[in-house]
Amino acid sequence: MKNGDALKVNFGGFVPISTVDWPGRAVCTVFFRGCPVRCPYCQNRAILGGTDLREVNEVRSMIRSSGFLISGVIFSGGEATAQLEPLAALAAAAHDLGLATGVQTNGVYPATLSHLIENGLIDRVALDIKARWERYPNLFGVDLVTEVQRSLALCRSAFLEGRLKEFEVVVTLFRGCESDVQYIAKAAGEVDLVLQQGVQGKLPPLTDHDLQRVADQVGHRVRIRTRTGGEYWYEGNRDRWIAGER
Ligand code: SF4
């Protein structure tokens with residue numbers, strides 16, 4: 001790999017401090033430009049394409065500038081895992097600064113996730129699963145389901161074997177798609193599940209109450225994230241789980 005002087009990252013932006021990107025930590029967030037997917041609800045459309053090449057060392061200085069305010073770095077986008085070399089270099093640089101590292105990903109680059117995990121460069125993965133597997137080809141126009149399934153499998157194994165400290169599956173949920181959650185929860189298995197309120201156009205978003213009713217069907221605790229309610233663990237209807245009424 002090139003060193004930080006020569007290596008460039010297609011840069012999407014930098015947030016010096018965030019308290020929402022990694023539960024329980026103050027972090028800085030580095031956005032990578034570019035994503036092969038086009039979700040209609042994407043909130044970062046401005047950085048899905050285009051070019052803004054920066055030296056890795058310049059971005060490292062940004063991370064360093066957040067100093068004692070943070071204990072970790074989140075790599076987001078766009079799709080950070082599309083840029084293996086600069087992502088690996090920045091993750092290594094963050095570790096050298098004593099910071100924990102996390103990535104938010106759509107999972108379409110399993111080789112990058114594998115590289116980060118096998119080299120001990122990443123501490124946390126938040127993997128978006130956007131629908132039940134059968135619906136993936138219709139969502140993206142191209143069939144990326146195999147890649148996402150590989151990412152899920154390798155992250156879950158690494159997490160359960162202790163090679164990845166934190167792993168969660170994130171579902172951005174829209175009204176009318178509630179039934180997908182049980183399929184996704186089953187595919188995810190014994191890892192944390194986050195139900196995130198989807199907001200798109202004039203479609204009324206699911207409320208906290210709606211999401212809690214969906215979570216009740218999952219059969220284990222779920223983290224719920226909404227604009228109005230913030231983010232919290234929902235323990236659900238334990239009596240029904242115990243009785244097997246799922
Ligand atoms: S995968 Fe993420 S960054 Fe890419 S279009 Fe969808 S929401 Fe936006």
# chains A, B, ... in the order shown; residues from 1 in each chain; ligands from 1
$ residues_near_ligand --ligand "ligand 1" --cutoff "12 Å" --atoms "only C-alpha atoms and all ligand atoms" --output "ChimeraX atom specification"
/A:12,31-49,75-82,103-109,126-130,139-140,144,148,170-172,198-200
$ select_by_dssp --residues "chain A" --states "strand (DSSP E)" --output "count of residues only"
61
$ select_by_dssp --residues "stretch 34-89 of chain A" --states "alpha helix (DSSP H)" --output "PyMOL selection string"
chain A and resi 56-65+84-89
$ residues_around --residues "stretch 116-123 of chain A" --least-positions-apart "2" --cutoff "8 Å" --atoms "only C-alpha atoms" --output "VMD selection string"
chain A and resid 88 91 to 92 95 100 to 103 112 to 114 125 158 163 to 166
$ write_last_selection --atoms "C-alpha atoms" --output "PDB file, in the first residue's frame"
ATOM      1  CA  ALA A  88      -7.516   1.053   5.722  1.00  0.00           C
ATOM      2  CA  ALA A  91      -8.364   3.382  10.180  1.00  0.00           C
ATOM      3  CA  ALA A  92      -4.736   2.535  10.980  1.00  0.00           C
ATOM      4  CA  HIS A  95      -5.736   3.540  15.901  1.00  0.00           C
ATOM      5  CA  ALA A 100     -11.550   3.355  18.165  1.00  0.00           C
ATOM      6  CA  THR A 101     -12.781   2.897  14.587  1.00  0.00           C
ATOM      7  CA  GLY A 102     -16.192   2.160  13.125  1.00  0.00           C
ATOM      8  CA  VAL A 103     -17.749   1.988   9.684  1.00  0.00           C
ATOM      9  CA  THR A 112     -12.963  -4.526   2.212  1.00  0.00           C
ATOM     10  CA  LEU A 113     -14.754  -5.514   5.411  1.00  0.00           C
ATOM     11  CA  SER A 114     -12.807  -8.770   5.486  1.00  0.00           C
ATOM     12  CA  VAL A 125     -19.494  -2.284  11.869  1.00  0.00           C
ATOM     13  CA  ALA A 158     -16.025 -12.137  13.391  1.00  0.00           C
ATOM     14  CA  ARG A 163     -12.505 -10.552  16.267  1.00  0.00           C
ATOM     15  CA  LEU A 164     -14.961  -7.649  15.826  1.00  0.00           C
ATOM     16  CA  LYS A 165     -15.921  -5.852  19.034  1.00  0.00           C
ATOM     17  CA  GLU A 166     -19.244  -4.351  17.922  1.00  0.00           C
TER      18      GLU A 166
END
$ residues_around --residues "A:Asp21" --least-positions-apart "6" --cutoff "8 Å" --atoms "only C-alpha atoms" --output "list in words"
Val27, Thr29 and Ile74 of chain A
$ write_last_selection --atoms "C-alpha atoms" --output "PDB file, in the first residue's frame"
ATOM      1  CA  VAL A  27     -16.622  10.596  17.681  1.00  0.00           C
ATOM      2  CA  THR A  29     -17.134  11.332  11.271  1.00  0.00           C
ATOM      3  CA  ILE A  74     -16.760   6.724  12.196  1.00  0.00           C
TER       4      ILE A  74
END
$ residues_around --residues "stretch 184-186 of chain A" --least-positions-apart "3" --cutoff "9 Å" --atoms "only C-alpha atoms" --output "list of chain:residue names"
A:Ile129, A:Lys130, A:Ala131, A:Arg132, A:Trp133, A:Val169, A:Val171, A:Asp180, A:Val181, A:Gly189, A:Glu190, A:Val191, A:Leu193, A:Val218
$ write_last_selection --atoms "C-alpha atoms" --output "PDB file, in the first residue's frame"
ATOM      1  CA  ILE A 129     -29.827  -4.284   5.327  1.00  0.00           C
ATOM      2  CA  LYS A 130     -32.382  -2.539   3.208  1.00  0.00           C
ATOM      3  CA  ALA A 131     -35.033  -5.195   2.627  1.00  0.00           C
ATOM      4  CA  ARG A 132     -35.664  -8.921   2.644  1.00  0.00           C
ATOM      5  CA  TRP A 133     -33.259 -10.615   0.223  1.00  0.00           C
ATOM      6  CA  VAL A 169     -27.624  -4.617  11.589  1.00  0.00           C
ATOM      7  CA  VAL A 171     -32.919  -1.450   9.036  1.00  0.00           C
ATOM      8  CA  ASP A 180     -39.517  -7.324   6.028  1.00  0.00           C
ATOM      9  CA  VAL A 181     -38.188  -6.917   9.557  1.00  0.00           C
ATOM     10  CA  GLY A 189     -29.382 -13.986  13.837  1.00  0.00           C
ATOM     11  CA  GLU A 190     -27.922 -13.263  17.236  1.00  0.00           C
ATOM     12  CA  VAL A 191     -26.639  -9.715  16.622  1.00  0.00           C
ATOM     13  CA  LEU A 193     -30.817  -5.017  15.405  1.00  0.00           C
ATOM     14  CA  VAL A 218     -38.820  -9.767  16.510  1.00  0.00           C
TER      15      VAL A 218
END
$ atom_distance --atom1 "atom CA of A:Val59" --atom2 "atom CA of A:Thr19"
19.9 Å
